[in-house]
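This is data_33.cif (mmCIF, C-alpha atoms and all ligand atoms).
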data_data
loop_
_atom_site.label_atom_id
_atom_site.label_comp_id
_atom_site.auth_asym_id
_atom_site.auth_seq_id
_atom_site.Cartn_x
_atom_site.Cartn_y
_atom_site.Cartn_z
CA MET G 991 115.41 128.54 93.58
CA SER G 992 117.01 126.10 91.19
CA GLU G 993 115.36 122.70 91.12
CA THR G 994 118.72 120.99 91.41
CA GLU G 995 119.85 123.02 94.40
CA LEU G 996 121.08 120.55 96.98
CA LEU G 997 119.31 120.08 100.29
CA PRO G 998 121.02 119.61 103.66
CA ILE G 999 120.67 116.03 104.91
CA LEU G 1000 119.61 115.86 108.55
CA LEU G 1001 121.61 113.64 110.87
CA VAL G 1002 120.67 111.64 113.95
CA PRO G 1003 119.47 112.81 116.49
CA ASP G 1004 117.40 115.37 114.50
CA ALA G 1005 113.74 115.04 115.58
CA HIS G 1006 112.46 114.95 111.95
CA LEU G 1007 114.04 111.50 111.66
CA ARG G 1008 111.80 110.18 114.44
CA ALA G 1009 108.53 111.76 113.25
CA LYS G 1010 105.81 110.02 111.25
CA ALA G 1011 105.41 111.63 107.81
CA ARG G 1012 101.91 112.46 106.56
CA PRO G 1013 100.35 111.31 103.28
CA VAL G 1014 100.88 113.56 100.28
CA GLY G 1015 97.54 115.11 99.34
CA ALA G 1016 96.21 117.01 96.32
CA GLY G 1017 97.39 120.29 97.84
CA ASP G 1018 100.99 119.05 97.99
CA THR G 1019 101.44 118.44 94.25
CA GLU G 1020 103.58 121.52 93.60
CA THR G 1021 105.68 121.00 96.72
CA VAL G 1022 106.39 117.40 95.76
CA ARG G 1023 107.19 118.28 92.13
CA ALA G 1024 109.69 120.88 93.35
CA LEU G 1025 111.15 118.67 96.06
CA ALA G 1026 111.64 115.39 94.16
CA PRO G 1027 114.33 116.55 91.69
CA ARG G 1028 116.22 118.31 94.48
CA MET G 1029 116.05 115.19 96.64
CA LEU G 1030 117.39 113.12 93.73
CA ALA G 1031 120.24 115.59 93.11
CA THR G 1032 121.07 115.57 96.84
CA MET G 1033 121.03 111.76 96.90
CA TYR G 1034 123.29 111.42 93.82
CA LYS G 1035 125.73 113.95 95.25
CA ALA G 1036 125.94 112.31 98.71
CA PRO G 1037 126.24 109.66 97.15
CA GLY G 1038 123.41 107.38 98.17
CA ILE G 1039 120.85 105.03 96.65
CA GLY G 1040 117.79 106.27 98.53
CA LEU G 1041 116.52 109.35 100.34
CA ALA G 1042 113.27 109.95 102.22
CA ALA G 1043 111.67 113.38 102.69
CA PRO G 1044 112.06 113.43 106.52
CA GLN G 1045 115.84 113.26 105.96
CA ILE G 1046 115.69 116.71 104.39
CA GLY G 1047 113.18 118.04 106.92
CA SER G 1048 109.93 117.51 105.01
CA LEU G 1049 107.35 115.33 106.74
CA LEU G 1050 105.66 114.15 103.54
CA ARG G 1051 105.42 110.53 102.43
CA LEU G 1052 107.88 110.86 99.56
CA VAL G 1053 110.99 108.82 98.78
CA VAL G 1054 113.47 108.73 95.93
CA ILE G 1055 115.50 105.64 95.05
CA ASP G 1056 118.07 104.90 92.37
CA LEU G 1057 120.36 101.89 92.42
CA GLN G 1058 121.92 103.25 89.21
CA PRO G 1059 122.29 99.93 87.42
CA ASP G 1060 125.14 100.18 84.87
CA ASP G 1061 125.91 103.63 86.34
CA LYS G 1062 122.93 105.00 84.44
CA PRO G 1063 120.29 107.04 86.28
CA SER G 1064 116.99 105.20 86.61
CA PRO G 1065 115.20 106.87 89.49
CA PHE G 1066 112.05 105.84 91.28
CA ILE G 1067 110.10 108.75 92.75
CA MET G 1068 107.55 107.25 95.12
CA VAL G 1069 104.69 109.32 96.49
CA ASN G 1070 102.77 107.65 99.34
CA PRO G 1071 104.61 104.33 98.93
CA GLU G 1072 103.09 101.38 100.70
CA ILE G 1073 104.31 97.82 101.13
CA VAL G 1074 101.31 95.61 100.41
CA ALA G 1075 102.97 92.19 100.63
CA THR G 1076 106.20 90.71 101.98
CA SER G 1077 107.82 87.31 101.50
CA ALA G 1078 108.20 84.89 104.40
CA GLU G 1079 111.78 84.42 103.26
CA LEU G 1080 114.23 86.82 104.89
CA ALA G 1081 117.47 88.29 103.62
CA THR G 1082 120.35 89.91 105.49
CA ARG G 1083 122.49 92.61 103.98
CA GLU G 1084 124.68 95.44 105.18
CA GLU G 1085 122.89 98.78 105.38
CA GLY G 1086 124.01 102.33 105.91
CA CYS G 1087 122.13 105.62 105.95
CA LEU G 1088 122.93 109.17 104.87
CA SER G 1089 121.55 110.34 108.24
CA LEU G 1090 124.02 108.11 110.12
CA PRO G 1091 127.21 108.73 108.13
CA ASN G 1092 129.89 106.03 108.12
CA GLN G 1093 127.81 103.59 110.19
CA TYR G 1094 127.00 100.17 108.75
CA ALA G 1095 125.37 97.03 110.09
CA ASP G 1096 123.74 93.83 108.85
CA VAL G 1097 119.95 94.17 108.77
CA THR G 1098 117.49 91.29 108.25
CA ARG G 1099 114.26 92.02 106.39
CA PRO G 1100 111.78 90.22 104.12
CA ALA G 1101 113.67 89.21 100.96
CA GLU G 1102 110.87 90.28 98.62
CA VAL G 1103 108.25 93.02 98.84
CA LYS G 1104 105.38 94.24 96.73
CA VAL G 1105 105.14 98.03 96.86
CA ARG G 1106 102.50 100.43 95.55
CA TRP G 1107 102.97 104.16 95.08
CA THR G 1108 101.87 107.15 93.01
CA ASN G 1109 104.32 108.71 90.57
CA LEU G 1110 104.77 112.45 89.90
CA GLU G 1111 102.21 112.28 87.10
CA GLY G 1112 99.66 110.94 89.56
CA SER G 1113 99.37 107.40 88.26
CA ARG G 1114 99.41 104.34 90.49
CA GLN G 1115 102.47 102.10 90.23
CA GLU G 1116 103.19 98.62 91.55
CA LEU G 1117 106.40 96.67 91.70
CA THR G 1118 107.63 93.42 93.21
CA ALA G 1119 111.23 93.84 94.24
CA ASP G 1120 113.92 91.58 95.65
CA GLY G 1121 117.63 91.90 96.46
CA LEU G 1122 119.09 95.33 97.11
CA LEU G 1123 116.02 97.15 95.77
CA ALA G 1124 113.73 95.35 98.24
CA ALA G 1125 115.99 96.31 101.16
CA CYS G 1126 116.26 99.89 99.95
CA ILE G 1127 112.47 100.29 99.56
CA GLN G 1128 111.90 98.97 103.09
CA HIS G 1129 114.66 101.19 104.51
CA GLU G 1130 113.18 104.32 102.87
CA ILE G 1131 109.58 103.55 103.84
CA ASP G 1132 110.81 102.98 107.41
CA HIS G 1133 112.02 106.61 107.34
CA LEU G 1134 108.44 107.76 106.67
CA ASN G 1135 107.44 106.09 109.93
CA GLY G 1136 110.31 107.52 111.97
CA VAL G 1137 112.16 104.19 111.91
CA LEU G 1138 115.91 103.94 111.30
CA PHE G 1139 117.89 100.86 110.22
CA VAL G 1140 119.50 100.71 113.67
CA ASP G 1141 116.04 99.98 115.12
CA HIS G 1142 116.29 96.53 113.48
CA LEU G 1143 119.42 95.71 115.51
CA SER G 1144 119.73 94.41 119.06
CA PRO G 1145 119.66 97.22 121.68
CA LEU G 1146 123.32 96.51 122.44
CA LYS G 1147 124.41 96.84 118.81
CA ARG G 1148 122.17 99.87 118.25
CA ASN G 1149 123.56 101.76 121.25
CA MET G 1150 127.11 100.93 120.27
CA LEU G 1151 126.57 102.27 116.78
CA LEU G 1152 124.74 105.42 117.96
CA ARG G 1153 127.45 106.17 120.52
CA ARG G 1154 130.14 105.75 117.87
CA LEU G 1155 128.25 108.10 115.55
CA ALA G 1156 127.82 110.76 118.26
CA LYS G 1157 131.53 110.55 119.05
CA GLU G 1158 132.52 110.88 115.38
CA LEU G 1159 130.18 113.82 114.79
CA LYS G 1160 131.51 115.55 117.91
CA ALA G 1161 135.11 115.05 116.79
CA LYS G 1162 134.21 116.35 113.33
CA ALA G 1163 132.57 119.48 114.81
CA ARG G 1164 135.58 120.02 117.08
CA ASP G 1165 138.02 119.73 114.17
CA GLY G 1166 135.85 122.17 112.24
CA GLU G 1167 135.58 119.88 109.25
ZN ZN G 1201 118.32 106.01 105.58
#

Is it possible to express this structure as structure tokens?
Amino acid sequence: MSETELLPILLVPDAHLRAKARPVGAGDTETVRALAPRMLATMYKAPGIGLAAPQIGSLLRLVVIDLQPDDKPSPFIMVNPEIVATSAELATREEGCLSLPNQYADVTRPAEVKVRWTNLEGSRQELTADGLLAACIQHEIDHLNGVLFVDHLSPLKRNMLLRRLAKELKAKARDGE
């Protein structure tokens, strides 16, 4: 299997997207090393700026992120990422998700987060992020807990968006696209 072979991205309402992922342990090293480059390739192709393992059907605490500043790849591969501090200040920005194609909504989250993770070489990393990166990190870590960006919306808005998605996916399946 080629390491850059693309992975199918699961869509709502797949049950993997609502499951809690488990911590990556010592026995998962090879799985994670094989999975991470394929997740990155899948994310770039989509295209997206973040992808969490549950979105490709793996319930491991693994996310990949790349905002591609200046169109140059600069990926983060985060094993067992954990938010250890958040700012009191909030920020609202429009979010979307590869598992809810073509659906977007404003989401309010802490403007700044401090995140810790392990990289593929096994060393501990720490970063304080703001702006788009902070939102993206929180969105991806949410996925590891079975949480989707629509869960941050009012029930009314969430149901509207989920109904629209179901309708669009049904139409797409019917048209055989
Ligand atoms: Zn997402």

Each residue of chain G with at least one atom at most 12 Å from ligand ZN 1201 (chain G) should appear once, together with its nearest atom pair and the corresponding distance in Å (one decimal); atoms considered: all atoms listed in the file; ordering: chain, then increasing residue number; output as JSON lines.
{"residue": "G:Ile999", "atom": "CA", "partner": "G:ZN1201", "partner_atom": "ZN", "distance": 10.3}
{"residue": "G:Leu1000", "atom": "CA", "partner": "G:ZN1201", "partner_atom": "ZN", "distance": 10.4}
{"residue": "G:Leu1001", "atom": "CA", "partner": "G:ZN1201", "partner_atom": "ZN", "distance": 9.9}
{"residue": "G:Val1002", "atom": "CA", "partner": "G:ZN1201", "partner_atom": "ZN", "distance": 10.4}
{"residue": "G:Leu1007", "atom": "CA", "partner": "G:ZN1201", "partner_atom": "ZN", "distance": 9.2}
{"residue": "G:Arg1008", "atom": "CA", "partner": "G:ZN1201", "partner_atom": "ZN", "distance": 11.8}
{"residue": "G:Met1033", "atom": "CA", "partner": "G:ZN1201", "partner_atom": "ZN", "distance": 10.8}
{"residue": "G:Gly1038", "atom": "CA", "partner": "G:ZN1201", "partner_atom": "ZN", "distance": 9.1}
{"residue": "G:Ile1039", "atom": "CA", "partner": "G:ZN1201", "partner_atom": "ZN", "distance": 9.3}
{"residue": "G:Gly1040", "atom": "CA", "partner": "G:ZN1201", "partner_atom": "ZN", "distance": 7.1}
{"residue": "G:Leu1041", "atom": "CA", "partner": "G:ZN1201", "partner_atom": "ZN", "distance": 6.5}
{"residue": "G:Ala1042", "atom": "CA", "partner": "G:ZN1201", "partner_atom": "ZN", "distance": 7.2}
{"residue": "G:Ala1043", "atom": "CA", "partner": "G:ZN1201", "partner_atom": "ZN", "distance": 10.3}
{"residue": "G:Pro1044", "atom": "CA", "partner": "G:ZN1201", "partner_atom": "ZN", "distance": 9.8}
{"residue": "G:Gln1045", "atom": "CA", "partner": "G:ZN1201", "partner_atom": "ZN", "distance": 7.7}
{"residue": "G:Ile1046", "atom": "CA", "partner": "G:ZN1201", "partner_atom": "ZN", "distance": 11.1}
{"residue": "G:Val1053", "atom": "CA", "partner": "G:ZN1201", "partner_atom": "ZN", "distance": 10.4}
{"residue": "G:Val1054", "atom": "CA", "partner": "G:ZN1201", "partner_atom": "ZN", "distance": 11.1}
{"residue": "G:Ile1055", "atom": "CA", "partner": "G:ZN1201", "partner_atom": "ZN", "distance": 10.9}
{"residue": "G:Glu1085", "atom": "CA", "partner": "G:ZN1201", "partner_atom": "ZN", "distance": 8.6}
{"residue": "G:Gly1086", "atom": "CA", "partner": "G:ZN1201", "partner_atom": "ZN", "distance": 6.8}
{"residue": "G:Cys1087", "atom": "CA", "partner": "G:ZN1201", "partner_atom": "ZN", "distance": 3.8}
{"residue": "G:Leu1088", "atom": "CA", "partner": "G:ZN1201", "partner_atom": "ZN", "distance": 5.6}
{"residue": "G:Ser1089", "atom": "CA", "partner": "G:ZN1201", "partner_atom": "ZN", "distance": 6.0}
{"residue": "G:Leu1090", "atom": "CA", "partner": "G:ZN1201", "partner_atom": "ZN", "distance": 7.6}
{"residue": "G:Pro1091", "atom": "CA", "partner": "G:ZN1201", "partner_atom": "ZN", "distance": 9.6}
{"residue": "G:Asn1092", "atom": "CA", "partner": "G:ZN1201", "partner_atom": "ZN", "distance": 11.8}
{"residue": "G:Gln1093", "atom": "CA", "partner": "G:ZN1201", "partner_atom": "ZN", "distance": 10.8}
{"residue": "G:Tyr1094", "atom": "CA", "partner": "G:ZN1201", "partner_atom": "ZN", "distance": 10.9}
{"residue": "G:Ala1125", "atom": "CA", "partner": "G:ZN1201", "partner_atom": "ZN", "distance": 10.9}
{"residue": "G:Cys1126", "atom": "CA", "partner": "G:ZN1201", "partner_atom": "ZN", "distance": 8.6}
{"residue": "G:Ile1127", "atom": "CA", "partner": "G:ZN1201", "partner_atom": "ZN", "distance": 10.2}
{"residue": "G:Gln1128", "atom": "CA", "partner": "G:ZN1201", "partner_atom": "ZN", "distance": 9.8}
{"residue": "G:His1129", "atom": "CA", "partner": "G:ZN1201", "partner_atom": "ZN", "distance": 6.1}
{"residue": "G:Glu1130", "atom": "CA", "partner": "G:ZN1201", "partner_atom": "ZN", "distance": 6.1}
{"residue": "G:Ile1131", "atom": "CA", "partner": "G:ZN1201", "partner_atom": "ZN", "distance": 9.2}
{"residue": "G:Asp1132", "atom": "CA", "partner": "G:ZN1201", "partner_atom": "ZN", "distance": 8.3}
{"residue": "G:His1133", "atom": "CA", "partner": "G:ZN1201", "partner_atom": "ZN", "distance": 6.6}
{"residue": "G:Leu1134", "atom": "CA", "partner": "G:ZN1201", "partner_atom": "ZN", "distance": 10.1}
{"residue": "G:Asn1135", "atom": "CA", "partner": "G:ZN1201", "partner_atom": "ZN", "distance": 11.7}
{"residue": "G:Gly1136", "atom": "CA", "partner": "G:ZN1201", "partner_atom": "ZN", "distance": 10.4}
{"residue": "G:Val1137", "atom": "CA", "partner": "G:ZN1201", "partner_atom": "ZN", "distance": 9.0}
{"residue": "G:Leu1138", "atom": "CA", "partner": "G:ZN1201", "partner_atom": "ZN", "distance": 6.5}
{"residue": "G:Phe1139", "atom": "CA", "partner": "G:ZN1201", "partner_atom": "ZN", "distance": 6.9}
{"residue": "G:Val1140", "atom": "CA", "partner": "G:ZN1201", "partner_atom": "ZN", "distance": 9.7}
{"residue": "G:Asp1141", "atom": "CA", "partner": "G:ZN1201", "partner_atom": "ZN", "distance": 11.5}

I want to know what sits within 9 Å of range 1056-1070 of chain G, based on all atoms listed in the file, with residues of the same chain fewer than 5 positions away left out; could you give that as a ChimeraX atom specification?
/G:1012-1014,1022,1026-1027,1030,1033-1034,1038-1040,1050-1051,1106-1110,1112,1115,1122-1123,1126

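Atom pair CA of Lys1010 in chain G / CA of Lys1160 in chain G has a distance of 27.1 Å (rounded to one decimal).
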
For CA of Leu996 in chain G and CA of Ala1016 in chain G, the interatomic separation in Å (one decimal)
25.1 Å

Selection near range 1071-1084 of chain G, 7 Å with all atoms listed in the file, sequence-local residues under 3 positions removed, as number ranges by chain
G: 1068, 1094-1107

Can I get the selected residues back with C-alpha atoms, as a PDB file, keeping the file's coordinate frame?
ATOM      1  CA  MET G1068     107.550 107.250  95.120  1.00  0.00           C
ATOM      2  CA  TYR G1094     127.000 100.170 108.750  1.00  0.00           C
ATOM      3  CA  ALA G1095     125.370  97.030 110.090  1.00  0.00           C
ATOM      4  CA  ASP G1096     123.740  93.830 108.850  1.00  0.00           C
ATOM      5  CA  VAL G1097     119.950  94.170 108.770  1.00  0.00           C
ATOM      6  CA  THR G1098     117.490  91.290 108.250  1.00  0.00           C
ATOM      7  CA  ARG G1099     114.260  92.020 106.390  1.00  0.00           C
ATOM      8  CA  PRO G1100     111.780  90.220 104.120  1.00  0.00           C
ATOM      9  CA  ALA G1101     113.670  89.210 100.960  1.00  0.00           C
ATOM     10  CA  GLU G1102     110.870  90.280  98.620  1.00  0.00           C
ATOM     11  CA  VAL G1103     108.250  93.020  98.840  1.00  0.00           C
ATOM     12  CA  LYS G1104     105.380  94.240  96.730  1.00  0.00           C
ATOM     13  CA  VAL G1105     105.140  98.030  96.860  1.00  0.00           C
ATOM     14  CA  ARG G1106     102.500 100.430  95.550  1.00  0.00           C
ATOM     15  CA  TRP G1107     102.970 104.160  95.080  1.00  0.00           C
TER      16      TRP G1107
END

Because the input lacks atoms here, generate all heavy atoms for range 1126-1137 of chain G and report them as a short mmCIF file (atom, residue, chain, number, x, y, z; two decimals), in the frame of the given file.
data_model
loop_
_atom_site.label_atom_id
_atom_site.label_comp_id
_atom_site.auth_asym_id
_atom_site.auth_seq_id
_atom_site.Cartn_x
_atom_site.Cartn_y
_atom_site.Cartn_z
N CYS G 1126 116.25 98.43 100.05
CA CYS G 1126 116.26 99.89 99.95
C CYS G 1126 114.84 100.45 100.11
O CYS G 1126 114.62 101.43 100.84
CB CYS G 1126 116.86 100.29 98.61
SG CYS G 1126 117.14 102.04 98.46
N ILE G 1127 113.86 99.84 99.46
CA ILE G 1127 112.47 100.29 99.56
C ILE G 1127 112.01 100.22 101.01
O ILE G 1127 111.40 101.16 101.53
CB ILE G 1127 111.56 99.43 98.64
CG1 ILE G 1127 111.80 99.78 97.17
CG2 ILE G 1127 110.08 99.61 99.01
CD1 ILE G 1127 111.17 98.79 96.18
N GLN G 1128 112.32 99.12 101.69
CA GLN G 1128 111.90 98.97 103.09
C GLN G 1128 112.60 99.98 104.00
O GLN G 1128 111.98 100.56 104.89
CB GLN G 1128 112.18 97.53 103.57
CG GLN G 1128 111.30 96.51 102.87
CD GLN G 1128 111.68 95.08 103.24
OE1 GLN G 1128 111.27 94.57 104.27
NE2 GLN G 1128 112.49 94.43 102.40
N HIS G 1129 113.88 100.21 103.73
CA HIS G 1129 114.66 101.19 104.51
C HIS G 1129 114.06 102.59 104.36
O HIS G 1129 113.87 103.31 105.34
CB HIS G 1129 116.11 101.14 104.01
CG HIS G 1129 117.04 102.14 104.65
ND1 HIS G 1129 118.16 101.77 105.35
CD2 HIS G 1129 117.02 103.50 104.67
CE1 HIS G 1129 118.78 102.85 105.80
NE2 HIS G 1129 118.12 103.92 105.39
N GLU G 1130 113.71 102.95 103.12
CA GLU G 1130 113.18 104.32 102.87
C GLU G 1130 111.77 104.48 103.44
O GLU G 1130 111.44 105.53 103.99
CB GLU G 1130 113.21 104.64 101.37
CG GLU G 1130 114.60 104.64 100.75
CD GLU G 1130 115.65 105.43 101.52
OE1 GLU G 1130 115.30 106.45 102.15
OE2 GLU G 1130 116.81 105.01 101.53
N ILE G 1131 110.94 103.45 103.30
CA ILE G 1131 109.58 103.55 103.84
C ILE G 1131 109.63 103.58 105.37
O ILE G 1131 108.85 104.28 106.01
CB ILE G 1131 108.67 102.43 103.28
CG1 ILE G 1131 108.44 102.68 101.77
CG2 ILE G 1131 107.32 102.38 104.03
CD1 ILE G 1131 107.61 101.64 101.06
N ASP G 1132 110.58 102.88 105.96
CA ASP G 1132 110.81 102.98 107.41
C ASP G 1132 110.99 104.45 107.82
O ASP G 1132 110.44 104.90 108.83
CB ASP G 1132 112.07 102.21 107.82
CG ASP G 1132 111.81 100.76 108.20
OD1 ASP G 1132 110.63 100.35 108.22
OD2 ASP G 1132 112.78 100.05 108.49
N HIS G 1133 111.78 105.19 107.02
CA HIS G 1133 112.02 106.61 107.34
C HIS G 1133 110.71 107.39 107.45
O HIS G 1133 110.61 108.33 108.23
CB HIS G 1133 112.88 107.27 106.25
CG HIS G 1133 114.37 107.12 106.45
ND1 HIS G 1133 115.02 107.55 107.58
CD2 HIS G 1133 115.33 106.58 105.66
CE1 HIS G 1133 116.32 107.30 107.46
NE2 HIS G 1133 116.53 106.70 106.31
N LEU G 1134 109.72 107.02 106.64
CA LEU G 1134 108.44 107.76 106.67
C LEU G 1134 107.67 107.49 107.96
O LEU G 1134 106.74 108.20 108.30
CB LEU G 1134 107.58 107.36 105.45
CG LEU G 1134 108.24 107.59 104.08
CD1 LEU G 1134 107.29 107.17 102.97
CD2 LEU G 1134 108.67 109.04 103.90
N ASN G 1135 108.09 106.43 108.66
CA ASN G 1135 107.44 106.09 109.93
C ASN G 1135 108.35 106.38 111.13
O ASN G 1135 108.10 105.89 112.23
CB ASN G 1135 107.04 104.60 109.90
CG ASN G 1135 106.02 104.34 108.81
OD1 ASN G 1135 105.08 105.12 108.63
ND2 ASN G 1135 106.21 103.27 108.05
N GLY G 1136 109.41 107.15 110.89
CA GLY G 1136 110.31 107.52 111.97
C GLY G 1136 111.20 106.37 112.44
O GLY G 1136 111.73 106.41 113.54
N VAL G 1137 111.37 105.37 111.57
CA VAL G 1137 112.16 104.19 111.91
C VAL G 1137 113.50 104.24 111.17
O VAL G 1137 113.54 104.54 109.97
CB VAL G 1137 111.40 102.90 111.56
CG1 VAL G 1137 112.26 101.66 111.78
CG2 VAL G 1137 110.11 102.81 112.39
#
